[in-house]
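Peer 1: Contents of query.cif (mmCIF, C-alpha atoms and all ligand atoms) are given next:
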data_entry
#
loop_
_atom_site.group_PDB
_atom_site.id
_atom_site.type_symbol
_atom_site.label_atom_id
_atom_site.label_comp_id
_atom_site.auth_asym_id
_atom_site.auth_seq_id
_atom_site.Cartn_x
_atom_site.Cartn_y
_atom_site.Cartn_z
ATOM 1 C CA MET A 1 23.290 4.700 -0.698
ATOM 2 C CA THR A 2 21.959 2.501 2.051
ATOM 3 C CA ARG A 3 18.699 3.408 3.743
ATOM 4 C CA ILE A 4 17.469 3.009 7.275
ATOM 5 C CA ILE A 5 15.262 -0.055 7.678
ATOM 6 C CA ARG A 6 12.002 0.791 9.390
ATOM 7 C CA THR A 7 11.099 -1.580 12.181
ATOM 8 C CA TYR A 8 7.959 -2.602 14.018
ATOM 9 C CA PRO A 9 5.873 -0.737 15.205
ATOM 10 C CA ASP A 10 6.665 1.995 12.629
ATOM 11 C CA SER A 11 3.307 2.986 11.106
ATOM 12 C CA VAL A 12 4.712 3.077 7.551
ATOM 13 C CA LEU A 13 4.883 -0.726 7.689
ATOM 14 C CA ARG A 14 1.112 -0.845 8.109
ATOM 15 C CA LYS A 15 0.168 1.244 5.086
ATOM 16 C CA LYS A 16 -0.732 0.094 1.595
ATOM 17 C CA SER A 17 1.761 0.889 -1.148
ATOM 18 C CA ARG A 18 0.818 2.729 -4.325
ATOM 19 C CA PRO A 19 1.286 1.154 -7.758
ATOM 20 C CA ILE A 20 4.176 2.666 -9.717
ATOM 21 C CA LYS A 21 2.981 4.544 -12.800
ATOM 22 C CA ASP A 22 6.331 5.491 -14.237
ATOM 23 C CA ILE A 23 9.589 3.615 -13.689
ATOM 24 C CA ASN A 24 11.809 6.686 -13.723
ATOM 25 C CA GLY A 25 15.341 7.370 -12.548
ATOM 26 C CA GLU A 26 14.189 8.113 -9.046
ATOM 27 C CA ILE A 27 12.461 4.766 -8.642
ATOM 28 C CA ILE A 28 15.418 2.884 -10.155
ATOM 29 C CA LYS A 29 17.694 4.670 -7.677
ATOM 30 C CA LEU A 30 15.363 3.507 -4.907
ATOM 31 C CA ALA A 31 15.644 -0.095 -6.155
ATOM 32 C CA GLU A 32 19.450 0.228 -6.113
ATOM 33 C CA ASP A 33 19.461 1.709 -2.616
ATOM 34 C CA MET A 34 17.216 -1.111 -1.467
ATOM 35 C CA ALA A 35 19.596 -3.707 -2.916
ATOM 36 C CA GLU A 36 22.552 -2.123 -1.103
ATOM 37 C CA THR A 37 20.542 -2.047 2.106
ATOM 38 C CA MET A 38 19.404 -5.656 1.735
ATOM 39 C CA TYR A 39 22.909 -7.017 1.065
ATOM 40 C CA LEU A 40 24.382 -5.028 3.955
ATOM 41 C CA SER A 41 21.763 -6.541 6.265
ATOM 42 C CA ASN A 42 22.256 -10.061 4.867
ATOM 43 C CA GLY A 43 18.631 -10.165 3.827
ATOM 44 C CA VAL A 44 17.163 -12.220 0.971
ATOM 45 C CA GLY A 45 14.390 -9.773 0.162
ATOM 46 C CA LEU A 46 13.198 -6.232 0.807
ATOM 47 C CA ALA A 47 10.072 -4.218 0.059
ATOM 48 C CA ALA A 48 9.970 -0.447 -0.453
ATOM 49 C CA PRO A 49 7.847 0.307 2.656
ATOM 50 C CA GLN A 50 10.671 -1.140 4.747
ATOM 51 C CA VAL A 51 12.771 1.861 3.765
ATOM 52 C CA GLY A 52 9.838 4.217 4.205
ATOM 53 C CA GLU A 53 8.665 4.409 0.576
ATOM 54 C CA LEU A 54 5.064 3.412 -0.020
ATOM 55 C CA CYS A 55 5.400 2.220 -3.588
ATOM 56 C CA CYS A 56 4.948 -1.243 -5.091
ATOM 57 C CA LEU A 57 8.537 -2.347 -5.440
ATOM 58 C CA ILE A 58 10.184 -5.464 -4.088
ATOM 59 C CA ILE A 59 13.606 -7.007 -4.527
ATOM 60 C CA ALA A 60 14.892 -10.493 -3.797
ATOM 61 C CA ASP A 61 18.111 -12.460 -3.981
ATOM 62 C CA THR A 62 18.073 -16.009 -2.714
ATOM 63 C CA GLY A 63 21.469 -16.785 -4.186
ATOM 64 C CA ASP A 64 20.686 -16.752 -7.912
ATOM 65 C CA GLY A 65 21.091 -13.030 -8.460
ATOM 66 C CA LEU A 66 19.093 -9.906 -7.811
ATOM 67 C CA ILE A 67 15.465 -9.702 -8.925
ATOM 68 C CA GLU A 68 13.692 -6.342 -8.977
ATOM 69 C CA LEU A 69 9.928 -6.377 -9.441
ATOM 70 C CA PHE A 70 7.789 -3.303 -9.894
ATOM 71 C CA ASN A 71 4.046 -3.683 -9.221
ATOM 72 C CA PRO A 72 4.357 -7.394 -8.374
ATOM 73 C CA GLU A 73 1.258 -9.517 -8.200
ATOM 74 C CA ILE A 74 0.709 -13.168 -7.343
ATOM 75 C CA ILE A 75 -1.163 -14.788 -10.227
ATOM 76 C CA GLY A 76 -1.282 -18.371 -9.026
ATOM 77 C CA SER A 77 -0.259 -20.594 -6.147
ATOM 78 C CA GLU A 78 -0.008 -24.246 -5.282
ATOM 79 C CA GLY A 79 0.612 -26.348 -2.192
ATOM 80 C CA SER A 80 1.562 -25.154 1.231
ATOM 81 C CA GLU A 81 4.613 -25.314 3.416
ATOM 82 C CA THR A 82 5.285 -24.097 6.962
ATOM 83 C CA LEU A 83 8.792 -22.862 7.680
ATOM 84 C CA LYS A 84 10.596 -20.508 10.045
ATOM 85 C CA GLU A 85 10.744 -17.006 8.705
ATOM 86 C CA GLY A 86 12.282 -13.734 9.840
ATOM 87 C CA CYS A 87 11.899 -10.112 8.756
ATOM 88 C CA LEU A 88 14.416 -7.263 8.855
ATOM 89 C CA SER A 89 11.568 -5.040 10.085
ATOM 90 C CA VAL A 90 10.711 -7.374 12.964
ATOM 91 C CA PRO A 91 14.221 -8.042 14.289
ATOM 92 C CA GLU A 92 15.159 -11.040 16.400
ATOM 93 C CA ILE A 93 11.851 -12.823 15.924
ATOM 94 C CA MET A 94 11.566 -16.034 13.897
ATOM 95 C CA LEU A 95 8.106 -17.428 13.273
ATOM 96 C CA GLU A 96 6.696 -20.541 11.628
ATOM 97 C CA ILE A 97 4.662 -19.215 8.729
ATOM 98 C CA GLU A 98 2.491 -21.148 6.325
ATOM 99 C CA ARG A 99 2.918 -20.079 2.708
ATOM 100 C CA ALA A 100 2.121 -21.476 -0.718
ATOM 101 C CA GLU A 101 4.900 -23.780 -1.894
ATOM 102 C CA ARG A 102 4.892 -22.623 -5.519
ATOM 103 C CA ILE A 103 3.648 -19.392 -6.960
ATOM 104 C CA GLY A 104 3.490 -17.440 -10.174
ATOM 105 C CA VAL A 105 4.377 -13.762 -9.886
ATOM 106 C CA LYS A 106 3.760 -11.101 -12.470
ATOM 107 C CA GLY A 107 5.386 -7.685 -12.466
ATOM 108 C CA LEU A 108 7.487 -5.246 -14.416
ATOM 109 C CA ASN A 109 11.258 -5.130 -14.669
ATOM 110 C CA ARG A 110 13.173 -1.843 -14.609
ATOM 111 C CA ASP A 111 12.675 -1.463 -18.378
ATOM 112 C CA GLY A 112 8.926 -1.538 -17.853
ATOM 113 C CA LYS A 113 8.653 -4.963 -19.512
ATOM 114 C CA GLU A 114 6.222 -7.471 -18.057
ATOM 115 C CA VAL A 115 7.893 -10.489 -16.500
ATOM 116 C CA ILE A 116 6.326 -13.651 -15.144
ATOM 117 C CA ILE A 117 8.329 -15.702 -12.672
ATOM 118 C CA GLU A 118 7.475 -19.183 -11.485
ATOM 119 C CA ALA A 119 9.002 -19.628 -8.072
ATOM 120 C CA LYS A 120 9.166 -22.404 -5.528
ATOM 121 C CA GLY A 121 10.830 -22.975 -2.180
ATOM 122 C CA LEU A 122 12.670 -20.060 -0.621
ATOM 123 C CA LEU A 123 12.144 -17.669 -3.543
ATOM 124 C CA ALA A 124 8.383 -18.318 -3.521
ATOM 125 C CA ARG A 125 8.372 -17.619 0.199
ATOM 126 C CA VAL A 126 10.358 -14.403 -0.182
ATOM 127 C CA PHE A 127 8.023 -13.092 -2.907
ATOM 128 C CA GLN A 128 4.965 -13.788 -0.739
ATOM 129 C CA HIS A 129 6.625 -12.149 2.270
ATOM 130 C CA GLU A 130 7.628 -9.021 0.332
ATOM 131 C CA ILE A 131 4.244 -8.659 -1.392
ATOM 132 C CA ASP A 132 2.682 -8.865 2.076
ATOM 133 C CA HIS A 133 4.744 -5.775 2.978
ATOM 134 C CA LEU A 134 3.137 -3.868 0.086
ATOM 135 C CA ASN A 135 -0.225 -4.538 1.713
ATOM 136 C CA GLY A 136 0.924 -3.533 5.191
ATOM 137 C CA THR A 137 1.036 -7.139 6.400
ATOM 138 C CA LEU A 138 3.815 -8.426 8.656
ATOM 139 C CA ILE A 139 4.774 -11.966 9.725
ATOM 140 C CA ILE A 140 3.215 -11.316 13.140
ATOM 141 C CA ASP A 141 -0.158 -11.058 11.385
ATOM 142 C CA ARG A 142 0.230 -14.529 9.919
ATOM 143 C CA ILE A 143 0.395 -16.461 13.171
ATOM 144 C CA SER A 144 -2.346 -17.625 15.521
ATOM 145 C CA ARG A 145 -3.631 -15.478 18.356
ATOM 146 C CA LEU A 146 -2.110 -17.944 20.823
ATOM 147 C CA HIS A 147 1.271 -17.763 19.115
ATOM 148 C CA ARG A 148 1.068 -13.961 19.193
ATOM 149 C CA GLN A 149 0.429 -14.075 22.928
ATOM 150 C CA LEU A 150 3.543 -16.183 23.310
ATOM 151 C CA ILE A 151 5.700 -13.527 21.636
ATOM 152 C CA ALA A 152 3.942 -10.547 23.282
ATOM 153 C CA GLY A 153 6.986 -9.875 25.463
ATOM 154 C CA LYS A 154 9.296 -9.707 22.449
ATOM 155 C CA LEU A 155 6.925 -7.333 20.653
ATOM 156 C CA LYS A 156 6.749 -5.091 23.741
ATOM 157 C CA LYS A 157 10.529 -4.995 23.738
ATOM 158 C CA LEU A 158 10.568 -3.862 20.083
ATOM 159 C CA GLN A 159 7.994 -1.177 20.936
ATOM 160 C CA ARG A 160 10.181 0.122 23.766
ATOM 161 C CA GLU A 161 13.302 0.096 21.590
ATOM 162 C CA TYR A 162 11.443 1.907 18.822
ATOM 163 C CA LYS A 163 10.510 4.760 21.168
ATOM 164 C CA LYS A 164 14.085 4.941 22.372
ATOM 165 C CA ASP A 165 15.371 5.133 18.768
ATOM 166 C CA LEU A 166 13.078 8.067 18.066
ATOM 167 C CA SER A 167 14.403 10.052 20.999
ATOM 168 C CA ILE A 168 18.013 9.752 19.851
ATOM 169 C CA PRO A 169 18.940 12.031 16.944
ATOM 170 C CA SER A 170 20.569 9.848 14.289
ATOM 171 C CA GLY A 171 23.600 10.917 12.300
HETATM 172 CO CO CO B 1 9.960 -8.473 5.918
#
Go ahead and express the file in the form of structure tokens.
Peer 2:
Amino acid sequence: MTRIIRTYPDSVLRKKSRPIKDINGEIIKLAEDMAETMYLSNGVGLAAPQVGELCCLIIADTGDGLIELFNPEIIGSEGSETLKEGCLSVPEIMLEIERAERIGVKGLNRDGKEVIIEAKGLLARVFQHEIDHLNGTLIIDRISRLHRQLIAGKLKKLQREYKKDLSIPSG
């Protein structure tokens, strides 16, 4: 079942997610719903808060298959790279974001087994982006004040559209 993607300035995107204590059927179903939602939206990653669930779960697929990570944590990073980045929760805005070029990520898979992934390039970027979501951080927080002023009009537009969305009952 696909879920509705929450968009800026939805307050759920600003909250901190809770660690998952028990990877049960409900949380696995959430991971599956998130995957469906991500593929439908042509995304390469998604974090649980983006579908309104404040739990530490991210998924990613940069072309090499789906990765689900429960309670992900960055355990090391190297280098830096600045590239254009978008977010399904901040539609129609692409921003140059500086990220580590290579990272190590630790988390649990759906069987509760610890996995460590060494990622570089796009996958490293996606992991950092999605883990940001678990801390309530969005790409608009990772740009300079000047850059934010330059996109103020676009953010205002998203704020207006968000209010409009709320006034229309959705089916
Ligand atoms: Co995002």
Peer 1: Find the nearest atom pair between each residue of chain A and ligand CO 1 (chain B) for residues within 12 Å, count all atoms listed in the file, give distances in Å to one decimal, sort rows by chain and ascending number, and present the table as a Markdown table.
Peer 2:
| residue | atom | partner | partner_atom | distance |
| --- | --- | --- | --- | --- |
| A:Ile5 | CA | B:CO1 | CO | 10.1 |
| A:Arg6 | CA | B:CO1 | CO | 10.1 |
| A:Thr7 | CA | B:CO1 | CO | 9.4 |
| A:Tyr8 | CA | B:CO1 | CO | 10.2 |
| A:Leu13 | CA | B:CO1 | CO | 9.4 |
| A:Arg14 | CA | B:CO1 | CO | 11.9 |
| A:Met38 | CA | B:CO1 | CO | 10.7 |
| A:Ser41 | CA | B:CO1 | CO | 12.0 |
| A:Gly43 | CA | B:CO1 | CO | 9.1 |
| A:Val44 | CA | B:CO1 | CO | 9.5 |
| A:Gly45 | CA | B:CO1 | CO | 7.4 |
| A:Leu46 | CA | B:CO1 | CO | 6.5 |
| A:Ala47 | CA | B:CO1 | CO | 7.2 |
| A:Ala48 | CA | B:CO1 | CO | 10.2 |
| A:Pro49 | CA | B:CO1 | CO | 9.6 |
| A:Gln50 | CA | B:CO1 | CO | 7.5 |
| A:Val51 | CA | B:CO1 | CO | 10.9 |
| A:Ile58 | CA | B:CO1 | CO | 10.5 |
| A:Ile59 | CA | B:CO1 | CO | 11.2 |
| A:Ala60 | CA | B:CO1 | CO | 11.1 |
| A:Glu85 | CA | B:CO1 | CO | 9.0 |
| A:Gly86 | CA | B:CO1 | CO | 7.0 |
| A:Cys87 | CA | B:CO1 | CO | 3.8 |
| A:Leu88 | CA | B:CO1 | CO | 5.5 |
| A:Ser89 | CA | B:CO1 | CO | 5.6 |
| A:Val90 | CA | B:CO1 | CO | 7.2 |
| A:Pro91 | CA | B:CO1 | CO | 9.4 |
| A:Glu92 | CA | B:CO1 | CO | 12.0 |
| A:Ile93 | CA | B:CO1 | CO | 11.1 |
| A:Met94 | CA | B:CO1 | CO | 11.1 |
| A:Leu95 | CA | B:CO1 | CO | 11.7 |
| A:Arg125 | CA | B:CO1 | CO | 10.9 |
| A:Val126 | CA | B:CO1 | CO | 8.5 |
| A:Phe127 | CA | B:CO1 | CO | 10.1 |
| A:Gln128 | CA | B:CO1 | CO | 9.9 |
| A:His129 | CA | B:CO1 | CO | 6.2 |
| A:Glu130 | CA | B:CO1 | CO | 6.1 |
| A:Ile131 | CA | B:CO1 | CO | 9.3 |
| A:Asp132 | CA | B:CO1 | CO | 8.2 |
| A:His133 | CA | B:CO1 | CO | 6.6 |
| A:Leu134 | CA | B:CO1 | CO | 10.1 |
| A:Asn135 | CA | B:CO1 | CO | 11.7 |
| A:Gly136 | CA | B:CO1 | CO | 10.3 |
| A:Thr137 | CA | B:CO1 | CO | 9.0 |
| A:Leu138 | CA | B:CO1 | CO | 6.7 |
| A:Ile139 | CA | B:CO1 | CO | 7.3 |
| A:Ile140 | CA | B:CO1 | CO | 10.3 |
| A:Asp141 | CA | B:CO1 | CO | 11.8 |
Peer 1: Selected residues, C-alpha atoms, written as a compact mmCIF listing (two decimals), in the coordinates of the input, please.
Peer 2:
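Result file follows (again-v9.txt):
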# COMPACT_ATOMS: atom_id res chain seq x y z
CA ILE A 5 15.26 -0.06 7.68
CA ARG A 6 12.00 0.79 9.39
CA THR A 7 11.10 -1.58 12.18
CA TYR A 8 7.96 -2.60 14.02
CA LEU A 13 4.88 -0.73 7.69
CA ARG A 14 1.11 -0.84 8.11
CA MET A 38 19.40 -5.66 1.74
CA SER A 41 21.76 -6.54 6.26
CA GLY A 43 18.63 -10.16 3.83
CA VAL A 44 17.16 -12.22 0.97
CA GLY A 45 14.39 -9.77 0.16
CA LEU A 46 13.20 -6.23 0.81
CA ALA A 47 10.07 -4.22 0.06
CA ALA A 48 9.97 -0.45 -0.45
CA PRO A 49 7.85 0.31 2.66
CA GLN A 50 10.67 -1.14 4.75
CA VAL A 51 12.77 1.86 3.76
CA ILE A 58 10.18 -5.46 -4.09
CA ILE A 59 13.61 -7.01 -4.53
CA ALA A 60 14.89 -10.49 -3.80
CA GLU A 85 10.74 -17.01 8.70
CA GLY A 86 12.28 -13.73 9.84
CA CYS A 87 11.90 -10.11 8.76
CA LEU A 88 14.42 -7.26 8.86
CA SER A 89 11.57 -5.04 10.09
CA VAL A 90 10.71 -7.37 12.96
CA PRO A 91 14.22 -8.04 14.29
CA GLU A 92 15.16 -11.04 16.40
CA ILE A 93 11.85 -12.82 15.92
CA MET A 94 11.57 -16.03 13.90
CA LEU A 95 8.11 -17.43 13.27
CA ARG A 125 8.37 -17.62 0.20
CA VAL A 126 10.36 -14.40 -0.18
CA PHE A 127 8.02 -13.09 -2.91
CA GLN A 128 4.96 -13.79 -0.74
CA HIS A 129 6.62 -12.15 2.27
CA GLU A 130 7.63 -9.02 0.33
CA ILE A 131 4.24 -8.66 -1.39
CA ASP A 132 2.68 -8.86 2.08
CA HIS A 133 4.74 -5.78 2.98
CA LEU A 134 3.14 -3.87 0.09
CA ASN A 135 -0.22 -4.54 1.71
CA GLY A 136 0.92 -3.53 5.19
CA THR A 137 1.04 -7.14 6.40
CA LEU A 138 3.82 -8.43 8.66
CA ILE A 139 4.77 -11.97 9.72
CA ILE A 140 3.22 -11.32 13.14
CA ASP A 141 -0.16 -11.06 11.38
Peer 1: To one decimal place, how far is atom CA of Thr2 of chain A from atom CA of Ile28 of chain A in Å?
Peer 2: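 About the pair atom CA of Thr2 of chain A and atom CA of Ile28 of chain A: they are 13.9 Å apart.
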Peer 1: To one decimal place, how far is atom CA of Ser17 of chain A from atom CA of Glu73 of chain A in Å?
Peer 2: 12.6 Å
Peer 1: Return the padded bounding box of segment 124-137 of chain A as JSON: axis-aligned, built from all atoms listed in the file, 6 Å added on each side, with centre and edge lengths in Å to one decimal.
Peer 2:
{"center_x": 5.1, "center_y": -10.9, "center_z": 1.4, "size_x": 22.6, "size_y": 26.8, "size_z": 21.9}
Peer 1: Just so the selection is clear, what residues does the PyMOL selection byres (((chain A and resi 101) around 12) and not hetatm) cover here, as a list in words?
Peer 2: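 For this structure, the PyMOL selection byres (((chain A and resi 101) around 12) and not hetatm) resolves to Gly76, Ser77, Glu78, Gly79, Ser80, Glu81, Thr82, Leu83, Ile97, Glu98, Arg99, Ala100, Arg102, Ile103, Gly104, Glu118, Ala119, Lys120, Gly121, Leu122, Leu123, Ala124, Arg125, Val126, Phe127 and Gln128 of chain A.
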Peer 1: For the atom pair atom CA of Leu108 of chain A and atom CA of Arg3 of chain A, what is the interatomic distance in Å to one decimal place?
Peer 2: 23.0 Å
Peer 1: Using all atoms listed in the file, can you tell me which of A:Tyr39, A:Lys164, A:Ile143, A:Asp111 comes closest to Gly25 of chain A?
Peer 2: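 Using all atoms listed in the file, the shortest distance to Gly25 of chain A belongs to A:Asp111.
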Peer 1: From the list A:Ile74, A:Ile4, A:Thr62, A:Arg110, which residue is nearest Glu26 of chain A when using all atoms listed in the file?
Peer 2: A:Arg110
Peer 1: Using only C-alpha atoms, can you tell me which of A:Gly63, A:Gly112, A:Gly52, A:Pro72 comes closest to Pro19 of chain A?
Peer 2: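 Of A:Gly63, A:Gly112, A:Gly52, A:Pro72, the one nearest Pro19 of chain A, counting only C-alpha atoms, is A:Pro72.
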Peer 1: For each of A:Glu96, A:Lys163, A:Glu68, A:Gly107, take the minimum atom-to-atom distance to Arg148 of chain A, counting all atoms listed in the file, then give the residue where this is smallest.
Peer 2: A:Glu96
Peer 1: Can you work out which one of A:Lys21, A:Ile117, A:Leu166, A:Met1 has the shortest atom-to-atom distance to Thr37 of chain A, counting only C-alpha atoms?
Peer 2: A:Met1
Peer 1: Keeping all heavy atoms, write segment 121-132 of chain A of the structure just shown out as a JSON list (two decimals), in the first residue's frame.
Peer 2:
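Listing of part_17.json after writing:
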[["chain", "number", "residue", "atom", "x", "y", "z"],
["A", 121, "GLY", "N", 29.70, 7.63, -3.38],
["A", 121, "GLY", "CA", 28.91, 8.22, -4.46],
["A", 121, "GLY", "C", 27.46, 8.42, -4.07],
["A", 121, "GLY", "O", 27.15, 8.80, -2.94],
["A", 122, "LEU", "N", 26.58, 8.10, -5.02],
["A", 122, "LEU", "CA", 25.15, 8.37, -4.83],
["A", 122, "LEU", "C", 24.58, 7.66, -3.60],
["A", 122, "LEU", "O", 23.82, 8.25, -2.82],
["A", 122, "LEU", "CB", 24.36, 7.99, -6.09],
["A", 122, "LEU", "CG", 22.84, 8.21, -6.01],
["A", 122, "LEU", "CD1", 22.50, 9.69, -5.79],
["A", 122, "LEU", "CD2", 22.15, 7.71, -7.29],
["A", 123, "LEU", "N", 24.96, 6.39, -3.39],
["A", 123, "LEU", "CA", 24.41, 5.65, -2.26],
["A", 123, "LEU", "C", 24.82, 6.29, -0.93],
["A", 123, "LEU", "O", 24.02, 6.42, 0.00],
["A", 123, "LEU", "CB", 24.82, 4.17, -2.31],
["A", 123, "LEU", "CG", 24.18, 3.28, -1.24],
["A", 123, "LEU", "CD1", 22.65, 3.28, -1.32],
["A", 123, "LEU", "CD2", 24.71, 1.84, -1.32],
["A", 124, "ALA", "N", 26.08, 6.73, -0.85],
["A", 124, "ALA", "CA", 26.55, 7.41, 0.37],
["A", 124, "ALA", "C", 25.74, 8.67, 0.60],
["A", 124, "ALA", "O", 25.35, 9.00, 1.73],
["A", 124, "ALA", "CB", 28.03, 7.75, 0.24],
["A", 125, "ARG", "N", 25.47, 9.38, -0.46],
["A", 125, "ARG", "CA", 24.67, 10.61, -0.37],
["A", 125, "ARG", "C", 23.24, 10.31, 0.09],
["A", 125, "ARG", "O", 22.70, 10.99, 0.96],
["A", 125, "ARG", "CB", 24.66, 11.29, -1.75],
["A", 125, "ARG", "CG", 23.90, 12.60, -1.84],
["A", 125, "ARG", "CD", 24.24, 13.35, -3.12],
["A", 125, "ARG", "NE", 25.62, 13.83, -3.06],
["A", 125, "ARG", "CZ", 25.98, 15.04, -2.60],
["A", 125, "ARG", "NH1", 25.07, 15.89, -2.20],
["A", 125, "ARG", "NH2", 27.24, 15.39, -2.55],
["A", 126, "VAL", "N", 22.66, 9.28, -0.48],
["A", 126, "VAL", "CA", 21.28, 8.93, -0.11],
["A", 126, "VAL", "C", 21.21, 8.54, 1.37],
["A", 126, "VAL", "O", 20.32, 9.00, 2.09],
["A", 126, "VAL", "CB", 20.74, 7.79, -1.01],
["A", 126, "VAL", "CG1", 19.39, 7.29, -0.50],
["A", 126, "VAL", "CG2", 20.61, 8.27, -2.45],
["A", 127, "PHE", "N", 22.13, 7.73, 1.83],
["A", 127, "PHE", "CA", 22.14, 7.34, 3.25],
["A", 127, "PHE", "C", 22.22, 8.58, 4.14],
["A", 127, "PHE", "O", 21.49, 8.70, 5.12],
["A", 127, "PHE", "CB", 23.31, 6.41, 3.56],
["A", 127, "PHE", "CG", 23.09, 4.97, 3.17],
["A", 127, "PHE", "CD1", 24.14, 4.20, 2.70],
["A", 127, "PHE", "CD2", 21.84, 4.38, 3.29],
["A", 127, "PHE", "CE1", 23.95, 2.87, 2.33],
["A", 127, "PHE", "CE2", 21.64, 3.04, 2.93],
["A", 127, "PHE", "CZ", 22.70, 2.29, 2.45],
["A", 128, "GLN", "N", 23.12, 9.50, 3.82],
["A", 128, "GLN", "CA", 23.27, 10.70, 4.65],
["A", 128, "GLN", "C", 21.99, 11.54, 4.63],
["A", 128, "GLN", "O", 21.55, 12.05, 5.66],
["A", 128, "GLN", "CB", 24.46, 11.53, 4.15],
["A", 128, "GLN", "CG", 25.80, 10.85, 4.40],
["A", 128, "GLN", "CD", 26.95, 11.58, 3.71],
["A", 128, "GLN", "OE1", 27.49, 12.54, 4.24],
["A", 128, "GLN", "NE2", 27.33, 11.11, 2.53],
["A", 129, "HIS", "N", 21.38, 11.64, 3.46],
["A", 129, "HIS", "CA", 20.14, 12.40, 3.31],
["A", 129, "HIS", "C", 19.02, 11.78, 4.15],
["A", 129, "HIS", "O", 18.31, 12.48, 4.88],
["A", 129, "HIS", "CB", 19.78, 12.42, 1.81],
["A", 129, "HIS", "CG", 18.49, 13.12, 1.48],
["A", 129, "HIS", "ND1", 18.44, 14.23, 0.67],
["A", 129, "HIS", "CD2", 17.21, 12.84, 1.83],
["A", 129, "HIS", "CE1", 17.17, 14.61, 0.57],
["A", 129, "HIS", "NE2", 16.41, 13.80, 1.24],
["A", 130, "GLU", "N", 18.89, 10.45, 4.05],
["A", 130, "GLU", "CA", 17.78, 9.78, 4.76],
["A", 130, "GLU", "C", 18.01, 9.79, 6.28],
["A", 130, "GLU", "O", 17.06, 9.94, 7.05],
["A", 130, "GLU", "CB", 17.58, 8.35, 4.25],
["A", 130, "GLU", "CG", 17.33, 8.21, 2.74],
["A", 130, "GLU", "CD", 16.29, 9.16, 2.18],
["A", 130, "GLU", "OE1", 15.39, 9.58, 2.93],
["A", 130, "GLU", "OE2", 16.38, 9.51, 0.99],
["A", 131, "ILE", "N", 19.25, 9.64, 6.70],
["A", 131, "ILE", "CA", 19.54, 9.68, 8.15],
["A", 131, "ILE", "C", 19.28, 11.09, 8.68],
["A", 131, "ILE", "O", 18.80, 11.26, 9.80],
["A", 131, "ILE", "CB", 20.95, 9.13, 8.44],
["A", 131, "ILE", "CG1", 20.97, 7.61, 8.17],
["A", 131, "ILE", "CG2", 21.39, 9.44, 9.88],
["A", 131, "ILE", "CD1", 22.34, 6.96, 8.19],
["A", 132, "ASP", "N", 19.55, 12.10, 7.86],
["A", 132, "ASP", "CA", 19.16, 13.47, 8.23],
["A", 132, "ASP", "C", 17.67, 13.54, 8.57],
["A", 132, "ASP", "O", 17.28, 14.17, 9.55],
["A", 132, "ASP", "CB", 19.43, 14.43, 7.06],
["A", 132, "ASP", "CG", 20.79, 15.12, 7.18],
["A", 132, "ASP", "OD1", 21.52, 14.88, 8.17],
["A", 132, "ASP", "OD2", 21.12, 15.91, 6.27]]
